[in-house]
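Printed here is protein-v8.pdb (PDB, C-alpha atoms):
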ATOM      1  CA  PHE A   1     -34.082  30.099 -10.922  1.00  0.00           C
ATOM      2  CA  ARG A   2     -32.018  31.428  -8.010  1.00  0.00           C
ATOM      3  CA  SER A   3     -28.299  31.482  -8.661  1.00  0.00           C
ATOM      4  CA  TRP A   4     -27.289  31.635  -5.002  1.00  0.00           C
ATOM      5  CA  VAL A   5     -28.150  30.034  -1.698  1.00  0.00           C
ATOM      6  CA  GLU A   6     -28.411  32.341   1.296  1.00  0.00           C
ATOM      7  CA  GLU A   7     -26.835  29.816   3.655  1.00  0.00           C
ATOM      8  CA  ASN A   8     -23.920  29.295   1.246  1.00  0.00           C
ATOM      9  CA  GLU A   9     -23.341  33.038   1.054  1.00  0.00           C
ATOM     10  CA  ARG A  10     -23.221  33.314   4.845  1.00  0.00           C
ATOM     11  CA  ILE A  11     -20.732  30.459   5.255  1.00  0.00           C
ATOM     12  CA  LYS A  12     -18.576  31.759   2.389  1.00  0.00           C
ATOM     13  CA  ARG A  13     -18.504  35.164   4.078  1.00  0.00           C
ATOM     14  CA  ARG A  14     -17.363  33.522   7.325  1.00  0.00           C
ATOM     15  CA  TYR A  15     -14.652  31.583   5.475  1.00  0.00           C
ATOM     16  CA  LEU A  16     -13.361  34.649   3.642  1.00  0.00           C
ATOM     17  CA  GLN A  17     -13.275  36.528   6.954  1.00  0.00           C
ATOM     18  CA  PHE A  18     -11.370  33.562   8.444  1.00  0.00           C
ATOM     19  CA  LEU A  19      -8.821  33.805   5.620  1.00  0.00           C
ATOM     20  CA  ARG A  20      -8.444  37.556   6.081  1.00  0.00           C
ATOM     21  CA  GLU A  21      -8.348  37.746   9.847  1.00  0.00           C
ATOM     22  CA  ALA A  22      -7.138  34.381  11.162  1.00  0.00           C
ATOM     23  CA  LYS A  23      -4.897  33.305   8.284  1.00  0.00           C
ATOM     24  CA  ARG A  24      -3.846  36.915   7.541  1.00  0.00           C
ATOM     25  CA  ALA A  25      -4.273  36.359   3.803  1.00  0.00           C
ATOM     26  CA  ASP A  26      -3.802  39.203   1.366  1.00  0.00           C
ATOM     27  CA  MET A  27      -6.970  40.591  -0.259  1.00  0.00           C
ATOM     28  CA  ALA A  28      -5.841  39.217  -3.630  1.00  0.00           C
ATOM     29  CA  THR A  29      -5.695  35.734  -2.067  1.00  0.00           C
ATOM     30  CA  VAL A  30      -9.130  36.197  -0.524  1.00  0.00           C
ATOM     31  CA  ASP A  31     -10.525  37.296  -3.899  1.00  0.00           C
ATOM     32  CA  LYS A  32      -9.017  34.241  -5.609  1.00  0.00           C
ATOM     33  CA  ALA A  33     -10.585  32.002  -2.968  1.00  0.00           C
ATOM     34  CA  ALA A  34     -13.973  33.636  -3.514  1.00  0.00           C
ATOM     35  CA  ASP A  35     -13.648  33.155  -7.285  1.00  0.00           C
ATOM     36  CA  ALA A  36     -12.618  29.499  -6.929  1.00  0.00           C
ATOM     37  CA  ILE A  37     -15.521  28.735  -4.578  1.00  0.00           C
ATOM     38  CA  LEU A  38     -17.961  30.495  -6.915  1.00  0.00           C
ATOM     39  CA  ARG A  39     -16.582  28.467  -9.818  1.00  0.00           C
ATOM     40  CA  PHE A  40     -17.208  25.301  -7.792  1.00  0.00           C
ATOM     41  CA  GLU A  41     -20.737  26.438  -6.929  1.00  0.00           C
ATOM     42  CA  ARG A  42     -21.532  26.959 -10.611  1.00  0.00           C
ATOM     43  CA  THR A  43     -20.626  23.346 -11.405  1.00  0.00           C
ATOM     44  CA  THR A  44     -22.970  22.113  -8.660  1.00  0.00           C
ATOM     45  CA  GLY A  45     -25.859  24.244  -9.882  1.00  0.00           C
ATOM     46  CA  PHE A  46     -25.575  26.329  -6.698  1.00  0.00           C
ATOM     47  CA  LYS A  47     -26.651  23.481  -4.450  1.00  0.00           C
ATOM     48  CA  PRO A  48     -26.319  24.064  -0.690  1.00  0.00           C
ATOM     49  CA  PHE A  49     -22.915  23.063   0.691  1.00  0.00           C
ATOM     50  CA  LYS A  50     -24.745  20.864   3.181  1.00  0.00           C
ATOM     51  CA  ARG A  51     -25.729  18.633   0.248  1.00  0.00           C
ATOM     52  CA  PHE A  52     -22.080  18.152  -0.788  1.00  0.00           C
ATOM     53  CA  HIS A  53     -21.237  14.848  -2.410  1.00  0.00           C
ATOM     54  CA  ILE A  54     -17.897  13.614  -3.710  1.00  0.00           C
ATOM     55  CA  GLU A  55     -19.362  13.375  -7.224  1.00  0.00           C
ATOM     56  CA  GLN A  56     -19.491  17.176  -7.201  1.00  0.00           C
ATOM     57  CA  ALA A  57     -15.731  17.280  -6.644  1.00  0.00           C
ATOM     58  CA  VAL A  58     -15.135  14.775  -9.454  1.00  0.00           C
ATOM     59  CA  ARG A  59     -17.365  16.781 -11.812  1.00  0.00           C
ATOM     60  CA  PHE A  60     -15.612  20.013 -10.803  1.00  0.00           C
ATOM     61  CA  LYS A  61     -12.191  18.545 -11.612  1.00  0.00           C
ATOM     62  CA  ALA A  62     -13.409  17.335 -14.995  1.00  0.00           C
ATOM     63  CA  GLN A  63     -14.979  20.705 -15.792  1.00  0.00           C
ATOM     64  CA  LEU A  64     -11.787  22.553 -14.798  1.00  0.00           C
ATOM     65  CA  SER A  65      -9.640  20.372 -17.037  1.00  0.00           C
ATOM     66  CA  GLU A  66     -11.935  21.181 -19.996  1.00  0.00           C
ATOM     67  CA  THR A  67     -12.116  24.927 -19.316  1.00  0.00           C
ATOM     68  CA  LYS A  68     -10.354  27.248 -21.745  1.00  0.00           C
ATOM     69  CA  ASN A  69      -8.399  30.350 -20.796  1.00  0.00           C
ATOM     70  CA  VAL A  70     -10.483  33.394 -21.753  1.00  0.00           C
ATOM     71  CA  LYS A  71      -7.495  35.348 -23.110  1.00  0.00           C
ATOM     72  CA  THR A  72      -5.591  32.622 -24.975  1.00  0.00           C
ATOM     73  CA  GLY A  73      -8.326  30.138 -25.804  1.00  0.00           C
ATOM     74  CA  LYS A  74      -6.030  27.337 -24.651  1.00  0.00           C
ATOM     75  CA  PRO A  75      -6.886  24.899 -21.835  1.00  0.00           C
ATOM     76  CA  LEU A  76      -6.118  26.151 -18.327  1.00  0.00           C
ATOM     77  CA  SER A  77      -2.581  25.352 -17.227  1.00  0.00           C
ATOM     78  CA  LYS A  78      -2.032  22.516 -14.773  1.00  0.00           C
ATOM     79  CA  ALA A  79      -0.770  25.088 -12.245  1.00  0.00           C
ATOM     80  CA  THR A  80      -4.018  27.085 -12.530  1.00  0.00           C
ATOM     81  CA  VAL A  81      -6.153  23.969 -12.200  1.00  0.00           C
ATOM     82  CA  ASP A  82      -4.075  22.816  -9.227  1.00  0.00           C
ATOM     83  CA  GLY A  83      -4.304  26.202  -7.515  1.00  0.00           C
ATOM     84  CA  THR A  84      -8.076  26.343  -7.968  1.00  0.00           C
ATOM     85  CA  LEU A  85      -8.530  22.798  -6.685  1.00  0.00           C
ATOM     86  CA  ARG A  86      -6.296  23.420  -3.665  1.00  0.00           C
ATOM     87  CA  THR A  87      -8.235  26.578  -2.834  1.00  0.00           C
ATOM     88  CA  VAL A  88     -11.577  24.754  -2.928  1.00  0.00           C
ATOM     89  CA  LYS A  89     -10.050  21.818  -1.024  1.00  0.00           C
ATOM     90  CA  ALA A  90      -8.970  24.192   1.764  1.00  0.00           C
ATOM     91  CA  PHE A  91     -12.516  25.565   1.901  1.00  0.00           C
ATOM     92  CA  VAL A  92     -14.045  22.071   2.129  1.00  0.00           C
ATOM     93  CA  LEU A  93     -11.554  21.114   4.870  1.00  0.00           C
ATOM     94  CA  TRP A  94     -12.548  24.213   6.818  1.00  0.00           C
ATOM     95  CA  LEU A  95     -16.224  23.526   6.149  1.00  0.00           C
ATOM     96  CA  ALA A  96     -15.909  19.957   7.495  1.00  0.00           C
ATOM     97  CA  GLY A  97     -15.052  21.406  10.902  1.00  0.00           C
ATOM     98  CA  GLN A  98     -17.893  23.910  11.053  1.00  0.00           C
ATOM     99  CA  GLN A  99     -21.036  23.402  13.091  1.00  0.00           C
ATOM    100  CA  GLY A 100     -23.881  22.178  10.917  1.00  0.00           C
ATOM    101  CA  TYR A 101     -21.518  20.681   8.337  1.00  0.00           C
ATOM    102  CA  ARG A 102     -19.575  18.154  10.440  1.00  0.00           C
ATOM    103  CA  SER A 103     -22.149  15.411   9.966  1.00  0.00           C
ATOM    104  CA  ARG A 104     -22.470  16.050   6.225  1.00  0.00           C
ATOM    105  CA  ILE A 105     -18.871  16.638   5.073  1.00  0.00           C
ATOM    106  CA  SER A 106     -15.915  14.574   6.237  1.00  0.00           C
ATOM    107  CA  TYR A 107     -12.299  15.662   6.093  1.00  0.00           C
ATOM    108  CA  SER A 108     -11.562  12.844   3.651  1.00  0.00           C
ATOM    109  CA  ASP A 109     -14.092  14.304   1.191  1.00  0.00           C
ATOM    110  CA  ALA A 110     -11.646  17.133   0.533  1.00  0.00           C
ATOM    111  CA  GLU A 111      -9.120  14.654  -0.886  1.00  0.00           C
ATOM    112  CA  TYR A 112     -11.269  14.343  -4.014  1.00  0.00           C
ATOM    113  CA  PHE A 113     -10.069  17.825  -4.981  1.00  0.00           C
ATOM    114  CA  ASN A 114      -6.506  16.546  -5.623  1.00  0.00           C
ATOM    115  CA  LEU A 115      -5.015  16.303  -9.093  1.00  0.00           C
ATOM    116  CA  ASN A 116      -3.651  12.953 -10.178  1.00  0.00           C
ATOM    117  CA  ALA A 117       0.042  12.457  -9.356  1.00  0.00           C
ATOM    118  CA  LYS A 118       1.292  13.102 -12.900  1.00  0.00           C
ATOM    119  CA  ASP A 119      -0.633  16.370 -13.301  1.00  0.00           C
ATOM    120  CA  ALA A 120       0.437  17.494  -9.813  1.00  0.00           C
ATOM    121  CA  ARG A 121       4.102  16.975 -10.777  1.00  0.00           C
ATOM    122  CA  VAL A 122       3.575  19.030 -13.941  1.00  0.00           C
ATOM    123  CA  ALA A 123       1.806  21.780 -11.975  1.00  0.00           C
ATOM    124  CA  HIS A 124       4.613  22.074  -9.415  1.00  0.00           C
ATOM    125  CA  GLN A 125       7.537  21.733 -11.803  1.00  0.00           C
ATOM    126  CA  ASP A 126      10.036  24.583 -11.724  1.00  0.00           C
ATOM    127  CA  ARG A 127      10.326  26.325 -15.052  1.00  0.00           C
ATOM    128  CA  ASP A 128      13.337  28.296 -16.134  1.00  0.00           C
ATOM    129  CA  THR A 129      12.425  31.902 -16.766  1.00  0.00           C
ATOM    130  CA  PRO A 130      14.146  33.168 -19.909  1.00  0.00           C
ATOM    131  CA  TYR A 131      16.173  36.296 -19.427  1.00  0.00           C
ATOM    132  CA  PRO A 132      18.526  38.261 -21.686  1.00  0.00           C
ATOM    133  CA  THR A 133      22.254  37.654 -21.535  1.00  0.00           C
ATOM    134  CA  LEU A 134      24.591  40.412 -20.406  1.00  0.00           C
ATOM    135  CA  GLU A 135      25.748  40.789 -24.012  1.00  0.00           C
ATOM    136  CA  GLN A 136      22.149  41.270 -25.176  1.00  0.00           C
ATOM    137  CA  CYS A 137      21.649  43.915 -22.472  1.00  0.00           C
ATOM    138  CA  ARG A 138      24.818  45.731 -23.526  1.00  0.00           C
ATOM    139  CA  HIS A 139      23.707  45.662 -27.152  1.00  0.00           C
ATOM    140  CA  ALA A 140      20.250  47.040 -26.265  1.00  0.00           C
ATOM    141  CA  PHE A 141      21.874  49.721 -24.102  1.00  0.00           C
ATOM    142  CA  SER A 142      24.247  50.776 -26.882  1.00  0.00           C
ATOM    143  CA  GLN A 143      21.332  51.039 -29.359  1.00  0.00           C
ATOM    144  CA  MET A 144      19.245  53.280 -27.103  1.00  0.00           C
ATOM    145  CA  PRO A 145      19.010  56.891 -28.334  1.00  0.00           C
ATOM    146  CA  SER A 146      20.183  59.675 -26.039  1.00  0.00           C
ATOM    147  CA  ALA A 147      19.400  62.880 -27.918  1.00  0.00           C
ATOM    148  CA  THR A 148      16.656  64.232 -25.621  1.00  0.00           C
ATOM    149  CA  PRO A 149      16.501  64.488 -21.822  1.00  0.00           C
ATOM    150  CA  LEU A 150      13.740  61.835 -21.741  1.00  0.00           C
ATOM    151  CA  GLN A 151      15.834  59.427 -23.800  1.00  0.00           C
ATOM    152  CA  ARG A 152      18.830  60.009 -21.506  1.00  0.00           C
ATOM    153  CA  ARG A 153      16.580  59.344 -18.502  1.00  0.00           C
ATOM    154  CA  ASP A 154      15.352  56.098 -20.034  1.00  0.00           C
ATOM    155  CA  LYS A 155      18.930  55.045 -20.788  1.00  0.00           C
ATOM    156  CA  ALA A 156      19.982  55.867 -17.214  1.00  0.00           C
ATOM    157  CA  MET A 157      17.082  53.822 -15.820  1.00  0.00           C
ATOM    158  CA  PHE A 158      18.044  50.890 -18.036  1.00  0.00           C
ATOM    159  CA  ALA A 159      21.649  51.142 -16.824  1.00  0.00           C
ATOM    160  CA  PHE A 160      20.396  51.249 -13.231  1.00  0.00           C
ATOM    161  CA  LEU A 161      18.371  48.069 -13.823  1.00  0.00           C
ATOM    162  CA  MET A 162      21.393  46.322 -15.338  1.00  0.00           C
ATOM    163  CA  LEU A 163      23.686  47.322 -12.461  1.00  0.00           C
ATOM    164  CA  THR A 164      21.346  46.567  -9.563  1.00  0.00           C
ATOM    165  CA  GLY A 165      19.084  43.803 -10.849  1.00  0.00           C
ATOM    166  CA  THR A 166      16.147  45.619  -9.256  1.00  0.00           C
ATOM    167  CA  ARG A 167      12.672  44.589 -10.386  1.00  0.00           C
ATOM    168  CA  ASP A 168      10.962  47.275 -12.472  1.00  0.00           C
ATOM    169  CA  GLY A 169       8.065  47.539 -10.006  1.00  0.00           C
ATOM    170  CA  ALA A 170      10.479  48.027  -7.109  1.00  0.00           C
ATOM    171  CA  MET A 171      12.489  50.596  -9.054  1.00  0.00           C
ATOM    172  CA  ALA A 172       9.342  52.647  -9.690  1.00  0.00           C
ATOM    173  CA  SER A 173       8.833  53.109  -5.935  1.00  0.00           C
ATOM    174  CA  LEU A 174      12.459  53.964  -5.084  1.00  0.00           C
ATOM    175  CA  ARG A 175      13.295  57.406  -3.721  1.00  0.00           C
ATOM    176  CA  LEU A 176      16.629  59.188  -3.747  1.00  0.00           C
ATOM    177  CA  LYS A 177      16.990  58.457  -0.017  1.00  0.00           C
ATOM    178  CA  HIS A 178      17.170  54.728  -0.896  1.00  0.00           C
ATOM    179  CA  ILE A 179      20.393  55.244  -2.874  1.00  0.00           C
ATOM    180  CA  ASP A 180      23.549  55.311  -0.746  1.00  0.00           C
ATOM    181  CA  LEU A 181      26.321  56.867  -2.853  1.00  0.00           C
ATOM    182  CA  VAL A 182      28.927  56.524  -0.071  1.00  0.00           C
ATOM    183  CA  ARG A 183      28.554  52.730   0.180  1.00  0.00           C
ATOM    184  CA  SER A 184      27.550  52.358  -3.508  1.00  0.00           C
ATOM    185  CA  CYS A 185      24.361  50.473  -2.764  1.00  0.00           C
ATOM    186  CA  VAL A 186      20.586  50.650  -3.067  1.00  0.00           C
ATOM    187  CA  ASN A 187      18.322  49.937  -0.100  1.00  0.00           C
ATOM    188  CA  GLN A 188      14.985  48.509  -1.191  1.00  0.00           C
TER
END
For this file, produce the structure as structure tokens.
Amino acid sequence: FRSWVEENERIKRRYLQFLREAKRADMATVDKAADAILRFERTTGFKPFKRFHIEQAVRFKAQLSETKNVKTGKPLSKATVDGTLRTVKAFVLWLAGQQGYRSRISYSDAEYFNLNAKDARVAHQDRDTPYPTLEQCRHAFSQMPSATPLQRRDKAMFAFLMLTGTRDGAMASLRLKHIDLVRSCVNQ
């Protein structure tokens, strides 16, 4: 049993190159697209894309909604399912315009990769991110030890975060030249 189709691999390579070069997508985005397409291929039994049928899209949606998160063991979130479906939908839309696939895949076939309206609303809903209050930050700051130079450094970094609101990842890449003492500001 062959788990891949040579023609599929070639067209996927062209699509991923299209994402990288024409759409200027980040490598992480390209990798996610490759993973989503591979996930779709698994549900079809690695059939050639030229033999695409809308039932494959329906089966893929059903399989995604039943899939469990590897880390948590819970079902995939609606946002994850939606993102995966939209990624595969974009691939099918692109595929419908490619030579050799135009007569086999129509642009409307890609619409079968949409979530139902209710699940789409859930997937795109803004969620409030919990964050500590200023009083909680002050309390944590006052409880931090400062006996050693490393502890004083950690306390100073925490104070810097509280004053500037800088993300921790951005703070890690800051240099002294980014701090303007005259104007009392930080240039990220």
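Among A:Ala62, A:Ala159, A:Leu85, A:Leu174, the residue with the shortest atom-to-atom distance to Ser142 in chain A, counting only C-alpha atoms, is A:Ala159.
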Identify all residues satisfying the PyMOL selection byres ((chain A and resi 108) around 12) in the given file; provide them as a PDB file with C-alpha atoms, in the coordinates of the input.
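For reference, result_26.pdb as written:
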ATOM      1  CA  HIS A  53     -21.237  14.848  -2.410  1.00  0.00           C
ATOM      2  CA  ILE A  54     -17.897  13.614  -3.710  1.00  0.00           C
ATOM      3  CA  ALA A  57     -15.731  17.280  -6.644  1.00  0.00           C
ATOM      4  CA  LYS A  89     -10.050  21.818  -1.024  1.00  0.00           C
ATOM      5  CA  ALA A  90      -8.970  24.192   1.764  1.00  0.00           C
ATOM      6  CA  VAL A  92     -14.045  22.071   2.129  1.00  0.00           C
ATOM      7  CA  LEU A  93     -11.554  21.114   4.870  1.00  0.00           C
ATOM      8  CA  TRP A  94     -12.548  24.213   6.818  1.00  0.00           C
ATOM      9  CA  LEU A  95     -16.224  23.526   6.149  1.00  0.00           C
ATOM     10  CA  ALA A  96     -15.909  19.957   7.495  1.00  0.00           C
ATOM     11  CA  GLY A  97     -15.052  21.406  10.902  1.00  0.00           C
ATOM     12  CA  ARG A 102     -19.575  18.154  10.440  1.00  0.00           C
ATOM     13  CA  ARG A 104     -22.470  16.050   6.225  1.00  0.00           C
ATOM     14  CA  ILE A 105     -18.871  16.638   5.073  1.00  0.00           C
ATOM     15  CA  SER A 106     -15.915  14.574   6.237  1.00  0.00           C
ATOM     16  CA  TYR A 107     -12.299  15.662   6.093  1.00  0.00           C
ATOM     17  CA  ASP A 109     -14.092  14.304   1.191  1.00  0.00           C
ATOM     18  CA  ALA A 110     -11.646  17.133   0.533  1.00  0.00           C
ATOM     19  CA  GLU A 111      -9.120  14.654  -0.886  1.00  0.00           C
ATOM     20  CA  TYR A 112     -11.269  14.343  -4.014  1.00  0.00           C
ATOM     21  CA  PHE A 113     -10.069  17.825  -4.981  1.00  0.00           C
ATOM     22  CA  ASN A 114      -6.506  16.546  -5.623  1.00  0.00           C
TER      23      ASN A 114
END
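The residue that comes closest to Tyr131 in chain A, out of A:Gln188, A:Phe60, A:Arg14, A:Gly165 and on the basis of all atoms listed in the file, is A:Gly165.
Counting all atoms listed in the file, the residue from A:Leu161, A:Ala36, A:Ala172, A:Leu150 that sits nearest to Phe91 in chain A is A:Ala36.
Note that CA of Gln56 in chain A and CA of Lys118 in chain A are 21.9 Å apart.
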From the set A:Thr148, A:Leu163, A:Arg86, A:Met157, which residue has the shortest atom-to-atom contact distance to Leu134 in chain A, counting all atoms listed in the file?
A:Leu163
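Nearest to Pro132 in chain A of all the residues A:Ala120, A:Met162, A:Thr84, A:Arg167 is A:Met162, based on all atoms listed in the file.
Picked by the PyMOL selection byres ((chain A and resi 9) around 12) from the coordinates shown: Ser3, Trp4, Val5, Glu6, Glu7, Asn8, Arg10, Ile11, Lys12, Arg13, Arg14, Tyr15, Leu16, Ala34, Ile37, Leu38, Glu41, Phe46, Lys47, Pro48 and Phe49 of chain A.
Residue nearest Phe52 in chain A within the list A:Thr166, A:Gly73, A:Tyr101, A:Asp119: A:Tyr101 [criterion: smallest interatomic distance, only C-alpha atoms].
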Result set of the PyMOL selection byres ((chain A and resi 77) around 12) on the coordinates above, as number ranges by chain
A: 64-69, 72-76, 78-84, 119-120, 122-124
Can you put all heavy atoms back into range 28-38 of chain A and show it as a tab-separated table (two decimals), in the frame of the given file?
chain	number	residue	atom	x	y	z
A	28	ALA	N	-5.88	39.90	-2.34
A	28	ALA	CA	-5.84	39.22	-3.63
A	28	ALA	C	-6.06	37.72	-3.44
A	28	ALA	O	-6.77	37.08	-4.23
A	28	ALA	CB	-4.51	39.47	-4.33
A	29	THR	N	-5.50	37.15	-2.38
A	29	THR	CA	-5.70	35.73	-2.07
A	29	THR	C	-7.14	35.46	-1.70
A	29	THR	O	-7.72	34.45	-2.13
A	29	THR	CB	-4.76	35.32	-0.91
A	29	THR	OG1	-3.41	35.63	-1.28
A	29	THR	CG2	-4.89	33.85	-0.60
A	30	VAL	N	-7.73	36.35	-0.92
A	30	VAL	CA	-9.13	36.20	-0.52
A	30	VAL	C	-10.03	36.26	-1.76
A	30	VAL	O	-10.97	35.47	-1.90
A	30	VAL	CB	-9.52	37.27	0.52
A	30	VAL	CG1	-11.01	37.23	0.83
A	30	VAL	CG2	-8.70	37.08	1.79
A	31	ASP	N	-9.73	37.18	-2.67
A	31	ASP	CA	-10.52	37.30	-3.90
A	31	ASP	C	-10.40	36.04	-4.76
A	31	ASP	O	-11.39	35.58	-5.34
A	31	ASP	CB	-10.08	38.51	-4.71
A	31	ASP	CG	-10.48	39.83	-4.06
A	31	ASP	OD1	-11.36	39.82	-3.17
A	31	ASP	OD2	-9.91	40.87	-4.43
A	32	LYS	N	-9.20	35.47	-4.84
A	32	LYS	CA	-9.02	34.24	-5.61
A	32	LYS	C	-9.79	33.09	-4.98
A	32	LYS	O	-10.36	32.26	-5.69
A	32	LYS	CB	-7.54	33.89	-5.71
A	32	LYS	CG	-6.79	34.73	-6.70
A	32	LYS	CD	-5.34	34.31	-6.82
A	32	LYS	CE	-4.62	35.23	-7.78
A	32	LYS	NZ	-3.21	34.90	-7.93
A	33	ALA	N	-9.82	33.04	-3.66
A	33	ALA	CA	-10.58	32.00	-2.97
A	33	ALA	C	-12.07	32.16	-3.27
A	33	ALA	O	-12.76	31.18	-3.56
A	33	ALA	CB	-10.33	32.06	-1.46
A	34	ALA	N	-12.56	33.39	-3.22
A	34	ALA	CA	-13.97	33.64	-3.51
A	34	ALA	C	-14.31	33.22	-4.94
A	34	ALA	O	-15.36	32.60	-5.19
A	34	ALA	CB	-14.30	35.12	-3.28
A	35	ASP	N	-13.42	33.53	-5.88
A	35	ASP	CA	-13.65	33.16	-7.28
A	35	ASP	C	-13.65	31.64	-7.46
A	35	ASP	O	-14.47	31.09	-8.19
A	35	ASP	CB	-12.58	33.78	-8.19
A	35	ASP	CG	-12.74	35.28	-8.34
A	35	ASP	OD1	-13.83	35.80	-8.05
A	35	ASP	OD2	-11.76	35.93	-8.75
A	36	ALA	N	-12.71	30.95	-6.81
A	36	ALA	CA	-12.62	29.50	-6.93
A	36	ALA	C	-13.86	28.83	-6.35
A	36	ALA	O	-14.41	27.89	-6.94
A	36	ALA	CB	-11.36	28.98	-6.23
A	37	ILE	N	-14.33	29.32	-5.21
A	37	ILE	CA	-15.52	28.74	-4.58
A	37	ILE	C	-16.75	28.99	-5.45
A	37	ILE	O	-17.58	28.10	-5.64
A	37	ILE	CB	-15.71	29.29	-3.15
A	37	ILE	CG1	-14.54	28.84	-2.26
A	37	ILE	CG2	-17.03	28.82	-2.56
A	37	ILE	CD1	-14.45	29.58	-0.94
A	38	LEU	N	-16.85	30.18	-6.02
A	38	LEU	CA	-17.96	30.50	-6.92
A	38	LEU	C	-17.92	29.60	-8.15
A	38	LEU	O	-18.96	29.10	-8.61
A	38	LEU	CB	-17.92	31.97	-7.32
A	38	LEU	CG	-19.02	32.43	-8.28
A	38	LEU	CD1	-20.39	32.26	-7.63
A	38	LEU	CD2	-18.78	33.87	-8.68
